[in-house]
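Novice: Structure provided below as structure tokens; questions to follow.
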Amino acid sequence: PSREVDIFKFDIFESGYTEYEGKKFPYLKFLVECSSGTYIRSIASDMGIAIGTDSILFELLRTKVGEFGIWDSKKLEEIQPEN
């Protein structure tokens, strides 16, 4: 079912073409700041529908959830106990 979400920021920061099995395919890299409950995969699908083609979400990096941000994360080596 559809639901209303808030998109606070939507920035396309890279676009171009990539090649797969001898064919060229367009791609976009974008940054989204959005409300809880937003499905980024649905946004990617809706973008394809809007331009009359299929689309896939190839990669997703979540940088923040609530108060937790990727900038606060630790590397695995930093949290593993020494032997």
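Here's how to read the names in the structure tokens: chain A, B, ... by the order shown, residue numbers from 1 in each chain, ligand numbers from 1 in the order shown.
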So that I can check the secondary structure, give me every residue of chain A assigned helix (DSSP H, G or I) by backbone DSSP, as a list of chain:residue names.

Specialist: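 So the helix (DSSP H, G or I) residues in chain A would be A:Ile40, A:Arg41, A:Ser42, A:Ile43, A:Ala44, A:Ser45, A:Asp46, A:Met47, A:Gly48, A:Ile49, A:Ala50, A:Ile70, A:Trp71, A:Asp72, A:Leu76, A:Glu77, A:Glu78, A:Ile79.
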
Novice: Got time to write the residues from that selection, C-alpha atoms, as a short mmCIF file (atom, residue, chain, number, x, y, z; two decimals), in the first residue's frame?

Specialist:
data_model
loop_
_atom_site.label_atom_id
_atom_site.label_comp_id
_atom_site.auth_asym_id
_atom_site.auth_seq_id
_atom_site.Cartn_x
_atom_site.Cartn_y
_atom_site.Cartn_z
CA ILE A 40 14.38 3.97 -1.41
CA ARG A 41 13.85 0.95 -3.68
CA SER A 42 10.36 2.30 -4.42
CA ILE A 43 11.81 5.70 -5.29
CA ALA A 44 14.19 4.03 -7.76
CA SER A 45 11.29 2.09 -9.28
CA ASP A 46 9.12 5.21 -9.50
CA MET A 47 11.94 7.06 -11.27
CA GLY A 48 12.07 4.35 -13.94
CA ILE A 49 8.30 4.43 -14.39
CA ALA A 50 8.39 8.24 -14.71
CA ILE A 70 27.80 6.11 9.88
CA TRP A 71 30.31 8.71 11.10
CA ASP A 72 29.91 7.26 14.62
CA LEU A 76 35.71 -4.18 13.05
CA GLU A 77 39.35 -4.17 14.17
CA GLU A 78 38.52 -1.51 16.78
CA ILE A 79 35.89 -3.61 18.53
#

Novice: Give the strand (DSSP E or B) residues of chain A, as DSSP finds them on the backbone, and put them as a count of residues only.

Specialist: 30

Novice: To one decimal place, how far is atom CA of A:Phe13 from atom CA of A:Thr38 in Å?

Specialist: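 Taking atom CA of A:Phe13 and atom CA of A:Thr38, their separation equals 20.2 Å.
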
Novice: Can you tell me how far atom CA of A:Lys9 sits from atom CA of A:Phe30, in Å to one decimal?

Specialist: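 Answer for the atom CA of A:Lys9 to atom CA of A:Phe30 separation: 9.9 Å.
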
Novice: So, with only C-alpha atoms as the atoms that count, which of A:Leu61, A:Gln80, A:Val5, A:Gly52 lies closest to A:Lys29?

Specialist: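 Counting only C-alpha atoms, the residue closest to A:Lys29 is A:Leu61.
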
Novice: What is the distance, in Å and to one decimal place, between atom CA of A:Asp54 and atom CA of A:Phe25?

Specialist: 11.1 Å

Novice: Kindly indicate which residue among A:Pro26, A:Tyr20, A:Phe58, A:Glu33 lies nearest to A:Asp6, using only C-alpha atoms for the distances.

Specialist: A:Glu33

Novice: Given the choices A:Cys34, A:Gly16, A:Leu28, A:Phe10, which gets closest to A:Ser55 if the distance is worked out from only C-alpha atoms?

Specialist: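 For A:Ser55, the nearest of the given residues is A:Leu28.
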